[in-house]
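This is protein.csv. It holds CSV, C-alpha atoms.
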chain,number,residue,atom,x,y,z
A,1,MET,CA,0.0,0.0,0.0
A,2,HIS,CA,2.4,2.7,-1.1
A,3,GLU,CA,-0.6,4.9,-1.6
A,4,LEU,CA,-0.9,5.2,2.1
A,5,SER,CA,2.6,6.6,2.5
A,6,LEU,CA,2.0,9.0,-0.4
A,7,MET,CA,-1.2,10.3,1.2
A,8,ALA,CA,0.4,10.6,4.6
A,9,ASP,CA,3.1,12.7,3.1
A,10,LEU,CA,0.5,14.8,1.2
A,11,VAL,CA,-1.4,15.6,4.3
A,12,THR,CA,1.8,16.7,6.0
A,13,ALA,CA,2.8,18.8,3.0
A,14,VAL,CA,-0.6,20.5,2.7
A,15,THR,CA,-0.8,21.2,6.4
A,16,ASN,CA,2.6,22.8,6.3
A,17,GLU,CA,1.6,24.9,3.3
A,18,VAL,CA,-1.8,26.2,4.5
A,19,GLY,CA,-1.5,26.2,8.3
A,20,ASP,CA,-4.9,26.7,9.9
A,21,ALA,CA,-6.8,27.2,6.7
A,22,ARG,CA,-9.5,24.7,6.0
A,23,VAL,CA,-9.0,22.6,2.9
A,24,HIS,CA,-12.1,22.0,0.8
A,25,VAL,CA,-10.7,20.4,-2.4
A,26,VAL,CA,-7.4,18.7,-3.1
A,27,ARG,CA,-6.6,18.2,-6.8
A,28,LEU,CA,-4.1,15.6,-8.0
A,29,ALA,CA,-2.8,14.6,-11.4
A,30,VAL,CA,-2.2,10.8,-11.4
A,31,GLY,CA,-0.7,9.2,-14.5
A,32,ARG,CA,-1.9,5.8,-15.7
A,33,ARG,CA,1.8,4.8,-15.7
A,34,SER,CA,2.6,6.4,-12.3
A,35,GLY,CA,2.4,3.1,-10.4
A,36,ALA,CA,-0.3,4.5,-8.1
A,37,SER,CA,-3.9,3.6,-8.2
A,38,ALA,CA,-6.5,6.5,-8.1
A,39,HIS,CA,-8.9,4.2,-6.2
A,40,ALA,CA,-6.3,3.4,-3.5
A,41,LEU,CA,-5.2,7.1,-3.3
A,42,ARG,CA,-8.8,8.1,-2.6
A,43,PHE,CA,-9.2,5.5,0.1
A,44,CYS,CA,-5.9,6.3,1.8
A,45,PHE,CA,-6.6,10.1,1.6
A,46,GLU,CA,-9.7,9.6,3.7
A,47,VAL,CA,-7.7,7.6,6.3
A,48,CYS,CA,-4.8,10.0,6.4
A,49,ALA,CA,-7.0,13.2,6.5
A,50,ARG,CA,-8.9,12.2,9.5
A,51,GLY,CA,-8.4,14.5,12.4
A,52,THR,CA,-6.5,17.1,10.3
A,53,PRO,CA,-7.6,20.3,8.5
A,54,LEU,CA,-8.1,18.1,5.4
A,55,GLU,CA,-10.7,16.0,7.0
A,56,GLY,CA,-13.8,15.9,4.8
A,57,ALA,CA,-12.1,17.6,1.9
A,58,ALA,CA,-13.0,16.3,-1.6
A,59,ILE,CA,-10.2,14.7,-3.5
A,60,GLU,CA,-10.3,15.2,-7.3
A,61,ILE,CA,-8.1,13.1,-9.4
A,62,GLN,CA,-7.3,13.9,-13.0
A,63,GLU,CA,-6.1,10.8,-14.7
A,64,THR,CA,-3.3,11.5,-17.2
A,65,PRO,CA,-1.6,9.2,-19.7
A,66,GLY,CA,1.9,9.7,-18.4
A,67,ASP,CA,3.7,8.9,-15.1
A,68,GLU,CA,2.7,12.1,-13.3
A,69,LEU,CA,2.0,11.9,-9.6
A,70,ARG,CA,1.4,15.5,-8.6
A,71,LEU,CA,-0.5,17.6,-6.2
A,72,GLU,CA,-1.8,20.3,-8.5
A,73,GLU,CA,-3.8,22.7,-6.3
A,74,LEU,CA,-6.0,23.2,-3.3
A,75,GLU,CA,-9.2,25.1,-2.6
A,76,ILE,CA,-9.0,26.5,0.9
A,77,SER,CA,-10.7,29.1,3.0
A,78,GLU,CA,-9.2,31.1,5.9
A,79,ASP,CA,-10.9,30.8,9.2
A,80,GLY,CA,-12.2,33.6,11.3
B,1,MET,CA,23.9,-8.0,12.3
B,2,CYS,CA,21.1,-6.1,13.8
B,3,THR,CA,17.5,-5.5,12.9
B,4,THR,CA,15.7,-2.2,12.5
B,5,CYS,CA,12.1,-1.5,12.0
B,6,GLY,CA,11.2,0.8,9.2
B,7,CYS,CA,8.6,2.5,11.2
B,8,GLY,CA,10.6,2.8,14.4
B,9,THR,CA,13.5,4.8,13.2
B,10,GLY,CA,12.3,8.3,14.0
B,11,HIS,CA,11.5,8.9,10.4
B,12,HIS,CA,7.8,8.6,11.0
B,13,GLY,CA,6.8,11.2,8.5
B,14,ALA,CA,8.1,9.0,5.7
B,15,THR,CA,6.7,5.7,6.7
B,16,PHE,CA,3.5,3.9,6.9
B,17,HIS,CA,1.2,3.8,9.8
B,18,GLY,CA,-1.0,6.9,9.2
B,19,HIS,CA,1.4,9.1,11.1
B,20,ALA,CA,0.0,12.2,9.6
B,21,HIS,CA,-3.2,11.5,11.5
B,22,GLY,CA,-1.4,11.4,14.8
B,23,HIS,CA,0.8,14.4,14.1
B,24,HIS,CA,-1.9,16.8,13.3
B,25,HIS,CA,-4.8,15.7,15.4
B,26,ASP,CA,-3.8,17.7,18.4
B,27,GLY,CA,-4.7,21.3,18.3
B,28,ARG,CA,-6.3,21.2,14.8
B,29,HIS,CA,-9.3,19.5,16.3
B,30,ASP,CA,-9.8,22.2,18.9
B,31,HIS,CA,-9.3,24.9,16.3
B,32,ASP,CA,-12.1,23.5,14.2
B,33,HIS,CA,-14.5,23.5,17.1
B,34,ALA,CA,-13.5,26.9,18.4
B,35,HIS,CA,-14.6,28.4,15.2
B,36,ALA,CA,-17.8,26.4,15.1
B,37,HIS,CA,-17.7,25.4,11.5
B,38,GLY,CA,-19.5,22.1,11.8
B,39,PRO,CA,-19.2,19.5,9.2
B,40,ARG,CA,-17.0,20.3,6.2
B,41,GLY,CA,-18.5,22.7,3.7
B,42,ASP,CA,-21.4,24.1,5.5
B,43,GLY,CA,-19.6,26.8,7.4
B,44,THR,CA,-18.1,28.6,4.4
B,45,PRO,CA,-20.0,31.4,2.7
B,46,PRO,CA,-20.6,30.6,-1.0
B,47,ASN,CA,-17.5,31.7,-2.9
B,48,GLY,CA,-16.7,33.8,0.2
B,49,ARG,CA,-13.1,33.4,1.3
B,50,ARG,CA,-12.5,30.3,-0.7
B,51,ARG,CA,-9.4,30.5,-2.8
B,52,THR,CA,-7.3,28.2,-4.9
B,53,VAL,CA,-3.7,27.5,-4.1
B,54,LEU,CA,-1.6,26.3,-6.9
B,55,LEU,CA,1.1,23.9,-5.7
B,56,GLU,CA,2.1,21.6,-8.6
B,57,ARG,CA,4.2,19.5,-6.3
B,58,ASP,CA,5.3,16.0,-6.9
B,59,LEU,CA,3.8,13.6,-4.4
B,60,LEU,CA,7.1,11.8,-4.2
B,61,ALA,CA,8.9,15.0,-3.5
B,62,LYS,CA,9.8,14.1,0.1
B,63,ASN,CA,11.1,10.7,-0.8
B,64,ASP,CA,13.0,12.0,-3.8
B,65,ARG,CA,14.6,14.7,-1.7
B,66,ILE,CA,15.9,12.1,0.8
B,67,ALA,CA,16.9,9.8,-2.1
B,68,ALA,CA,19.0,12.6,-3.7
B,69,GLU,CA,20.7,13.2,-0.4
B,70,ASN,CA,21.5,9.4,-0.1
B,71,ARG,CA,22.8,9.5,-3.6
B,72,ARG,CA,25.0,12.5,-2.9
B,73,ALA,CA,26.4,11.0,0.3
B,74,LEU,CA,27.1,7.6,-1.3
B,75,ALA,CA,28.9,9.3,-4.3
B,76,ALA,CA,31.0,11.4,-1.9
B,77,ALA,CA,32.1,8.2,-0.2
B,78,GLY,CA,32.6,6.3,-3.5
B,79,VAL,CA,29.9,3.8,-2.4
B,80,SER,CA,27.8,2.1,-5.1
B,81,MET,CA,24.4,1.0,-4.1
B,82,PHE,CA,22.2,-1.4,-6.1
B,83,ASN,CA,18.4,-1.8,-5.5
B,84,ILE,CA,17.4,-5.4,-6.1
B,85,ILE,CA,13.7,-5.8,-6.8
B,86,GLY,CA,11.7,-9.0,-7.4
B,87,GLY,CA,8.7,-10.9,-6.2
B,88,PRO,CA,8.8,-13.1,-3.1
B,89,GLY,CA,10.8,-16.3,-4.0
B,90,ALA,CA,12.4,-14.9,-7.1
B,91,GLY,CA,15.8,-15.9,-5.7
B,92,LYS,CA,17.1,-12.5,-4.6
B,93,THR,CA,18.7,-13.7,-1.4
B,94,ALA,CA,20.2,-16.8,-3.1
B,95,LEU,CA,21.7,-14.5,-5.8
B,96,LEU,CA,23.2,-12.3,-3.1
B,97,GLU,CA,24.6,-15.3,-1.2
B,98,ALA,CA,26.3,-16.6,-4.3
B,99,THR,CA,27.6,-13.1,-5.2
B,100,ILE,CA,29.1,-12.6,-1.7
B,101,GLY,CA,30.9,-16.0,-2.1
B,102,ARG,CA,32.5,-14.8,-5.3
B,103,LEU,CA,33.2,-11.1,-4.6
B,104,ARG,CA,33.9,-10.8,-0.8
B,105,ARG,CA,37.6,-11.1,-1.2
B,106,GLU,CA,37.7,-8.6,-4.0
B,107,LEU,CA,35.2,-6.0,-2.9
B,108,MET,CA,33.9,-4.6,0.4
B,109,LEU,CA,30.3,-5.5,0.5
B,110,ALA,CA,27.3,-4.7,2.7
B,111,VAL,CA,23.6,-5.7,2.4
B,112,LEU,CA,20.4,-4.0,3.5
B,113,GLU,CA,17.7,-6.6,3.7
B,114,GLY,CA,14.1,-5.5,3.4
B,115,ASP,CA,11.3,-7.7,4.6
B,116,GLN,CA,7.9,-7.2,6.3
B,117,ALA,CA,9.0,-9.4,9.1
B,118,THR,CA,11.8,-11.7,10.5
B,119,ASP,CA,15.6,-11.4,10.1
B,120,ARG,CA,15.8,-14.8,8.3
B,121,ASP,CA,17.4,-13.3,5.2
B,122,ALA,CA,19.9,-11.2,7.2
B,123,GLN,CA,20.9,-14.4,8.9
B,124,ARG,CA,21.5,-16.1,5.5
B,125,ILE,CA,23.6,-13.1,4.3
B,126,GLN,CA,25.6,-13.1,7.6
B,127,ARG,CA,26.3,-16.8,7.2
B,128,ALA,CA,27.6,-16.0,3.7
B,129,GLY,CA,30.1,-13.7,5.3
B,130,CYS,CA,28.8,-10.2,4.7
B,131,ARG,CA,27.9,-7.2,6.8
B,132,VAL,CA,24.1,-6.9,6.8
B,133,LEU,CA,21.3,-5.0,8.4
B,134,GLN,CA,17.7,-6.2,8.4
B,135,ILE,CA,15.0,-3.6,7.9
B,136,ASN,CA,11.5,-4.8,8.8
B,137,THR,CA,8.8,-2.7,7.2
B,138,ASP,CA,5.8,-4.3,9.1
B,139,SER,CA,2.8,-3.4,6.9
B,140,GLY,CA,5.0,-1.6,4.4
B,141,CYS,CA,5.3,-3.0,0.9
B,142,HIS,CA,8.6,-1.3,-0.1
B,143,LEU,CA,11.7,0.3,1.2
B,144,ASP,CA,11.7,4.1,1.0
B,145,ALA,CA,14.5,6.6,0.9
B,146,ALA,CA,14.2,7.5,4.6
B,147,MET,CA,14.5,3.8,5.7
B,148,ILE,CA,17.6,3.5,3.5
B,149,ALA,CA,19.1,6.7,5.0
B,150,GLU,CA,18.6,5.2,8.4
B,151,GLY,CA,20.0,1.8,7.3
B,152,LEU,CA,23.1,3.4,5.8
B,153,ARG,CA,23.6,5.4,9.0
B,154,ILE,CA,23.6,2.2,11.0
B,155,ILE,CA,25.6,0.0,8.7
B,156,ALA,CA,28.0,2.8,7.8
B,157,PRO,CA,29.4,1.3,4.5
B,158,ARG,CA,33.1,1.8,4.1
B,159,PRO,CA,34.4,4.2,1.4
B,160,SER,CA,34.6,2.5,-2.0
B,161,SER,CA,32.3,-0.4,-0.9
B,162,VAL,CA,29.3,-1.9,-2.6
B,163,VAL,CA,25.9,-1.9,-0.9
B,164,PHE,CA,23.2,-4.3,-2.2
B,165,VAL,CA,19.6,-3.4,-1.1
B,166,GLU,CA,17.3,-6.4,-1.2
B,167,ASN,CA,13.9,-4.7,-1.5
B,168,VAL,CA,10.7,-6.2,0.0
B,169,GLY,CA,9.5,-9.0,-2.2
B,170,ASN,CA,7.1,-7.1,-4.5
B,171,LEU,CA,7.1,-6.3,-8.2
B,172,VAL,CA,4.9,-3.2,-7.8
B,173,CYS,CA,5.6,-0.6,-5.1
B,174,PRO,CA,9.4,-0.7,-4.9
B,175,ALA,CA,9.7,0.5,-8.5
B,176,LEU,CA,8.1,3.7,-7.5
B,177,PHE,CA,10.4,4.7,-4.7
B,178,ASP,CA,13.9,6.1,-5.5
B,179,ILE,CA,16.2,5.2,-2.6
B,180,GLY,CA,19.3,6.8,-4.1
B,181,GLU,CA,20.6,3.7,-5.8
B,182,ARG,CA,23.0,3.6,-8.7
B,183,ALA,CA,20.8,1.2,-10.5
B,184,LYS,CA,17.6,-0.9,-10.1
B,185,ILE,CA,18.0,-4.5,-10.9
B,186,VAL,CA,14.8,-6.6,-11.5
B,187,VAL,CA,15.1,-10.3,-10.5
B,188,MET,CA,12.7,-12.9,-11.7
B,189,SER,CA,12.8,-16.7,-11.8
B,190,VAL,CA,11.9,-19.1,-14.6
B,191,THR,CA,9.1,-20.5,-12.4
B,192,GLU,CA,7.2,-17.2,-12.4
B,193,GLY,CA,5.9,-17.2,-16.0
B,194,GLU,CA,7.4,-15.4,-18.9
B,195,ASP,CA,4.8,-12.7,-19.2
B,196,LYS,CA,5.7,-10.9,-15.9
B,197,PRO,CA,7.5,-8.1,-17.8
B,198,LEU,CA,4.3,-7.2,-19.5
B,199,LYS,CA,2.2,-7.5,-16.4
B,200,TYR,CA,4.5,-5.5,-14.1
B,201,ALA,CA,6.0,-3.2,-16.8
B,202,HIS,CA,6.7,-0.4,-14.4
B,203,VAL,CA,9.6,-2.2,-12.6
B,204,TRP,CA,11.1,-3.5,-15.9
B,205,SER,CA,11.0,0.0,-17.4
B,206,ALA,CA,12.7,1.5,-14.3
B,207,SER,CA,15.5,-1.1,-14.1
B,208,GLU,CA,18.8,-1.2,-15.9
B,209,LEU,CA,19.4,-4.9,-15.6
B,210,PHE,CA,17.0,-7.9,-15.6
B,211,VAL,CA,18.4,-11.0,-14.0
B,212,LEU,CA,16.5,-14.2,-14.9
B,213,THR,CA,17.2,-16.7,-12.1
B,214,LYS,CA,16.9,-20.4,-11.5
B,215,ILE,CA,17.7,-21.3,-15.1
B,216,ASP,CA,18.8,-24.7,-13.8
B,217,LEU,CA,15.1,-25.4,-13.5
B,218,LEU,CA,14.4,-24.7,-17.2
B,219,PRO,CA,14.1,-28.4,-18.2
B,220,HIS,CA,11.3,-28.9,-15.7
B,221,VAL,CA,9.1,-25.9,-16.4
B,222,SER,CA,7.3,-24.6,-19.4
B,223,PHE,CA,9.0,-21.2,-19.7
B,224,ASP,CA,9.7,-19.5,-22.9
B,225,GLU,CA,13.0,-17.7,-22.3
B,226,ASP,CA,13.0,-15.9,-25.7
B,227,ARG,CA,9.5,-14.5,-25.3
B,228,CYS,CA,10.3,-13.4,-21.8
B,229,VAL,CA,13.4,-11.4,-22.9
B,230,ARG,CA,11.5,-10.1,-26.0
B,231,TRP,CA,8.7,-8.8,-23.7
B,232,ALA,CA,11.2,-7.3,-21.3
B,233,ARG,CA,12.8,-5.4,-24.2
B,234,GLU,CA,9.4,-4.3,-25.5
B,235,VAL,CA,8.8,-2.6,-22.1
B,236,ASN,CA,12.4,-1.3,-21.9
B,237,PRO,CA,14.6,-1.5,-25.0
B,238,GLU,CA,17.7,-0.5,-23.1
B,239,ILE,CA,17.5,-3.2,-20.4
B,240,GLU,CA,20.4,-5.6,-20.1
B,241,VAL,CA,19.6,-9.2,-19.5
B,242,LEU,CA,21.5,-11.9,-17.6
B,243,ARG,CA,20.5,-15.6,-17.1
B,244,VAL,CA,21.8,-17.1,-13.9
B,245,SER,CA,21.6,-20.1,-11.7
B,246,ALA,CA,22.9,-19.1,-8.2
B,247,LEU,CA,22.7,-22.8,-7.3
B,248,ARG,CA,24.7,-24.2,-10.1
B,249,GLY,CA,26.8,-21.1,-11.0
B,250,ASP,CA,25.6,-20.5,-14.6
B,251,GLY,CA,25.9,-16.9,-15.5
B,252,MET,CA,27.5,-15.8,-12.2
B,253,ASP,CA,30.7,-14.7,-13.9
B,254,GLN,CA,28.7,-12.4,-16.2
B,255,TRP,CA,26.7,-11.0,-13.3
B,256,CYS,CA,29.9,-10.3,-11.3
B,257,ASN,CA,31.4,-8.7,-14.4
B,258,TRP,CA,28.3,-6.5,-14.7
B,259,ILE,CA,28.9,-5.3,-11.1
B,260,ARG,CA,32.6,-4.7,-11.9
B,261,ARG,CA,31.7,-2.7,-15.0
B,262,GLN,CA,29.3,-0.6,-13.0
B,263,LEU,CA,32.0,0.3,-10.5
B,264,ALA,CA,34.4,1.1,-13.3
B,265,THR,CA,32.2,3.8,-14.8
What's the structure tokens form of this structure?
Amino acid sequence: MHELSLMADLVTAVTNEVGDARVHVVRLAVGRRSGASAHALRFCFEVCARGTPLEGAAIEIQETPGDELRLEELEISEDG
Amino acid sequence: MCTTCGCGTGHHGATFHGHAHGHHHDGRHDHDHAHAHGPRGDGTPPNGRRRTVLLERDLLAKNDRIAAENRRALAAAGVSMFNIIGGPGAGKTALLEATIGRLRRELMLAVLEGDQATDRDAQRIQRAGCRVLQINTDSGCHLDAAMIAEGLRIIAPRPSSVVFVENVGNLVCPALFDIGERAKIVVMSVTEGEDKPLKYAHVWSASELFVLTKIDLLPHVSFDEDRCVRWAREVNPEIEVLRVSALRGDGMDQWCNWIRRQLAT
């Protein structure tokens, strides 16, 4: 389940990036030749996001033909 | 010989057990409640303060950063590290045992052994006469760059030595994770079926060498060697191919020469 470690790293990276902001959408580009499964990434994202500012965020995965495995963008809102 | 657990090395952020959950739960939880947002989505004014943050960041960035650091440190010490990948039972450990027997007087060798559990392979490597460290990944399906960084720190390879990393038995995930190796080597036995290069193309395309093992068993199995090699080259036209029997010694000279050639370049 390498998707689990990918998503654990993603949650850490996003939290470092946005601080206390709430994350609504996470957009990824995942290549068909990337070696990672979009299905498993979705599943693992939910597990890893629990209890973090990413909990409940939607994960949108754009499947590409290449070997991309990239966090493209976030939709966030500042609190307060 | 000693054993280290991939998830107990202090490199939690890079390993497996949902660490991000634990790291970020405290504090964030209170924050959410203090601002009374309720369930995700319902507390945000429509289009209000929502904004898009462009990141374009590789998901493997963290692993790749540590791998680059491993590669730099190894190069500085003149150490060559090879990442040996293959399914369980492909003959990776037997290949290493036979290699150690042939090269231990000529080269300084060390082995990092990856398995989910036990130090059985490390015991075999130690009996063959080589410095070895067992890395247990528990639930993990591959070795990542942080585990290798920790393993290298513990085993402290001597300058100008050769490190073989025997990855966790798996043809899928290890192909994805750069550990800072000089080359990936994919190992498959003649008992596994000649179409594996097509079925698990990622690892064949990421490897520089394909070692076909257990060729002493060829008379007893229906395995089409030529088709297998043709398919491997369809996936990766550049890949070198060696046929060996670690048990009987066929092809071991060519394999040892391949390693020597790598060190010479």
Near chain B, which residues of chain A fall within 8 Å when you count only C-alpha atoms, and what do they look like as a ChimeraX atom specification? /A:1-2,4-6,8-12,20,24,33-35,47-53,55-57,68-80
Non-local contacts of segment 104-118 of chain B (9 Å; only C-alpha atoms; under 5 positions in same chain excluded) as a JSON list (two decimals) with C-alpha atoms, in the frame of the given file:
[["chain", "number", "residue", "atom", "x", "y", "z"],
["B", 3, "THR", "CA", 17.50, -5.50, 12.90],
["B", 5, "CYS", "CA", 12.10, -1.50, 12.00],
["B", 93, "THR", "CA", 18.70, -13.70, -1.40],
["B", 96, "LEU", "CA", 23.20, -12.30, -3.10],
["B", 99, "THR", "CA", 27.60, -13.10, -5.20],
["B", 125, "ILE", "CA", 23.60, -13.10, 4.30],
["B", 129, "GLY", "CA", 30.10, -13.70, 5.30],
["B", 130, "CYS", "CA", 28.80, -10.20, 4.70],
["B", 131, "ARG", "CA", 27.90, -7.20, 6.80],
["B", 132, "VAL", "CA", 24.10, -6.90, 6.80],
["B", 133, "LEU", "CA", 21.30, -5.00, 8.40],
["B", 134, "GLN", "CA", 17.70, -6.20, 8.40],
["B", 135, "ILE", "CA", 15.00, -3.60, 7.90],
["B", 136, "ASN", "CA", 11.50, -4.80, 8.80],
["B", 137, "THR", "CA", 8.80, -2.70, 7.20],
["B", 138, "ASP", "CA", 5.80, -4.30, 9.10],
["B", 139, "SER", "CA", 2.80, -3.40, 6.90],
["B", 140, "GLY", "CA", 5.00, -1.60, 4.40],
["B", 141, "CYS", "CA", 5.30, -3.00, 0.90],
["B", 142, "HIS", "CA", 8.60, -1.30, -0.10],
["B", 143, "LEU", "CA", 11.70, 0.30, 1.20],
["B", 148, "ILE", "CA", 17.60, 3.50, 3.50],
["B", 151, "GLY", "CA", 20.00, 1.80, 7.30],
["B", 152, "LEU", "CA", 23.10, 3.40, 5.80],
["B", 155, "ILE", "CA", 25.60, 0.00, 8.70],
["B", 157, "PRO", "CA", 29.40, 1.30, 4.50],
["B", 158, "ARG", "CA", 33.10, 1.80, 4.10],
["B", 159, "PRO", "CA", 34.40, 4.20, 1.40],
["B", 160, "SER", "CA", 34.60, 2.50, -2.00],
["B", 161, "SER", "CA", 32.30, -0.40, -0.90],
["B", 162, "VAL", "CA", 29.30, -1.90, -2.60],
["B", 163, "VAL", "CA", 25.90, -1.90, -0.90],
["B", 164, "PHE", "CA", 23.20, -4.30, -2.20],
["B", 165, "VAL", "CA", 19.60, -3.40, -1.10],
["B", 166, "GLU", "CA", 17.30, -6.40, -1.20],
["B", 167, "ASN", "CA", 13.90, -4.70, -1.50],
["B", 168, "VAL", "CA", 10.70, -6.20, 0.00],
["B", 169, "GLY", "CA", 9.50, -9.00, -2.20]]
Point-to-point distance in Å for atom CA of Gln62 of chain A and atom CA of Ile179 of chain B: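 Separation between atom CA of Ile179 of chain B and atom CA of Gln62 of chain A: 27.1 Å.
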Choose the residue, out of B:Asn236, B:Thr191, B:Ser205, B:Ser80, that has the smallest atom-to-atom separation from Pro219 of chain B; count only C-alpha atoms.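 The shortest atom-to-atom distance to Pro219 of chain B comes from B:Thr191.
Our summary of the geometry notes that atom CA of Val23 of chain A is positioned 5.2 Å from atom CA of Leu54 of chain A.
The coordinates place atom CA of His220 of chain B at 17.8 Å from atom CA of Asp195 of chain B.
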Can you pull out every residue within 9 Å of Glu192 of chain B, counting all atoms listed in the file, but drop anything in the same chain fewer than 6 positions away, and send it as a list of chain:residue names? B:Gly87, B:Ala90, B:Phe223
Please complete segment 57-79 of chain B with N, CA and C atoms and give it back as an mmCIF file, keeping the file's coordinate frame.
data_model
loop_
_atom_site.group_PDB
_atom_site.id
_atom_site.type_symbol
_atom_site.label_atom_id
_atom_site.label_comp_id
_atom_site.auth_asym_id
_atom_site.auth_seq_id
_atom_site.Cartn_x
_atom_site.Cartn_y
_atom_site.Cartn_z
ATOM 1 N N ARG B 57 3.098 20.152 -6.992
ATOM 2 C CA ARG B 57 4.200 19.500 -6.300
ATOM 3 C C ARG B 57 4.132 18.007 -6.438
ATOM 4 N N ASP B 58 5.276 17.430 -6.715
ATOM 5 C CA ASP B 58 5.300 16.000 -6.900
ATOM 6 C C ASP B 58 5.011 15.287 -5.575
ATOM 7 N N LEU B 59 4.144 14.279 -5.663
ATOM 8 C CA LEU B 59 3.800 13.600 -4.400
ATOM 9 C C LEU B 59 4.942 12.816 -3.833
ATOM 10 N N LEU B 60 5.908 12.505 -4.660
ATOM 11 C CA LEU B 60 7.100 11.800 -4.200
ATOM 12 C C LEU B 60 8.208 12.717 -3.768
ATOM 13 N N ALA B 61 7.883 14.032 -3.688
ATOM 14 C CA ALA B 61 8.900 15.000 -3.500
ATOM 15 C C ALA B 61 9.764 14.729 -2.235
ATOM 16 N N LYS B 62 9.089 14.354 -1.169
ATOM 17 C CA LYS B 62 9.800 14.100 0.100
ATOM 18 C C LYS B 62 10.756 12.940 -0.049
ATOM 19 N N ASN B 63 10.227 11.849 -0.604
ATOM 20 C CA ASN B 63 11.100 10.700 -0.800
ATOM 21 C C ASN B 63 12.237 11.000 -1.741
ATOM 22 N N ASP B 64 11.931 11.718 -2.810
ATOM 23 C CA ASP B 64 13.000 12.000 -3.800
ATOM 24 C C ASP B 64 14.056 12.915 -3.243
ATOM 25 N N ARG B 65 13.654 13.800 -2.330
ATOM 26 C CA ARG B 65 14.600 14.700 -1.700
ATOM 27 C C ARG B 65 15.626 13.876 -0.856
ATOM 28 N N ILE B 66 15.064 12.931 -0.083
ATOM 29 C CA ILE B 66 15.900 12.100 0.800
ATOM 30 C C ILE B 66 16.787 11.177 -0.090
ATOM 31 N N ALA B 67 16.183 10.669 -1.185
ATOM 32 C CA ALA B 67 16.900 9.800 -2.100
ATOM 33 C C ALA B 67 18.113 10.546 -2.703
ATOM 34 N N ALA B 68 17.876 11.798 -3.074
ATOM 35 C CA ALA B 68 19.000 12.600 -3.700
ATOM 36 C C ALA B 68 20.081 12.812 -2.655
ATOM 37 N N GLU B 69 19.696 12.996 -1.411
ATOM 38 C CA GLU B 69 20.700 13.200 -0.400
ATOM 39 C C GLU B 69 21.479 11.861 -0.151
ATOM 40 N N ASN B 70 20.778 10.707 -0.169
ATOM 41 C CA ASN B 70 21.500 9.400 -0.100
ATOM 42 C C ASN B 70 22.473 9.274 -1.225
ATOM 43 N N ARG B 71 22.013 9.623 -2.437
ATOM 44 C CA ARG B 71 22.800 9.500 -3.600
ATOM 45 C C ARG B 71 24.097 10.349 -3.519
ATOM 46 N N ARG B 72 23.887 11.558 -3.042
ATOM 47 C CA ARG B 72 25.000 12.500 -2.900
ATOM 48 C C ARG B 72 26.026 11.964 -1.878
ATOM 49 N N ALA B 73 25.517 11.489 -0.724
ATOM 50 C CA ALA B 73 26.400 11.000 0.300
ATOM 51 C C ALA B 73 27.170 9.756 -0.123
ATOM 52 N N LEU B 74 26.467 8.875 -0.849
ATOM 53 C CA LEU B 74 27.100 7.600 -1.300
ATOM 54 C C LEU B 74 28.205 7.990 -2.348
ATOM 55 N N ALA B 75 27.881 8.913 -3.256
ATOM 56 C CA ALA B 75 28.900 9.300 -4.300
ATOM 57 C C ALA B 75 30.097 9.910 -3.633
ATOM 58 N N ALA B 76 29.868 10.726 -2.614
ATOM 59 C CA ALA B 76 31.000 11.400 -1.900
ATOM 60 C C ALA B 76 31.918 10.355 -1.299
ATOM 61 N N ALA B 77 31.326 9.227 -0.853
ATOM 62 C CA ALA B 77 32.100 8.200 -0.200
ATOM 63 C C ALA B 77 32.587 7.124 -1.220
ATOM 64 N N GLY B 78 32.212 7.301 -2.478
ATOM 65 C CA GLY B 78 32.600 6.300 -3.500
ATOM 66 C C GLY B 78 31.860 4.991 -3.323
ATOM 67 N N VAL B 79 30.713 5.019 -2.674
ATOM 68 C CA VAL B 79 29.900 3.800 -2.400
ATOM 69 C C VAL B 79 28.919 3.597 -3.548
#
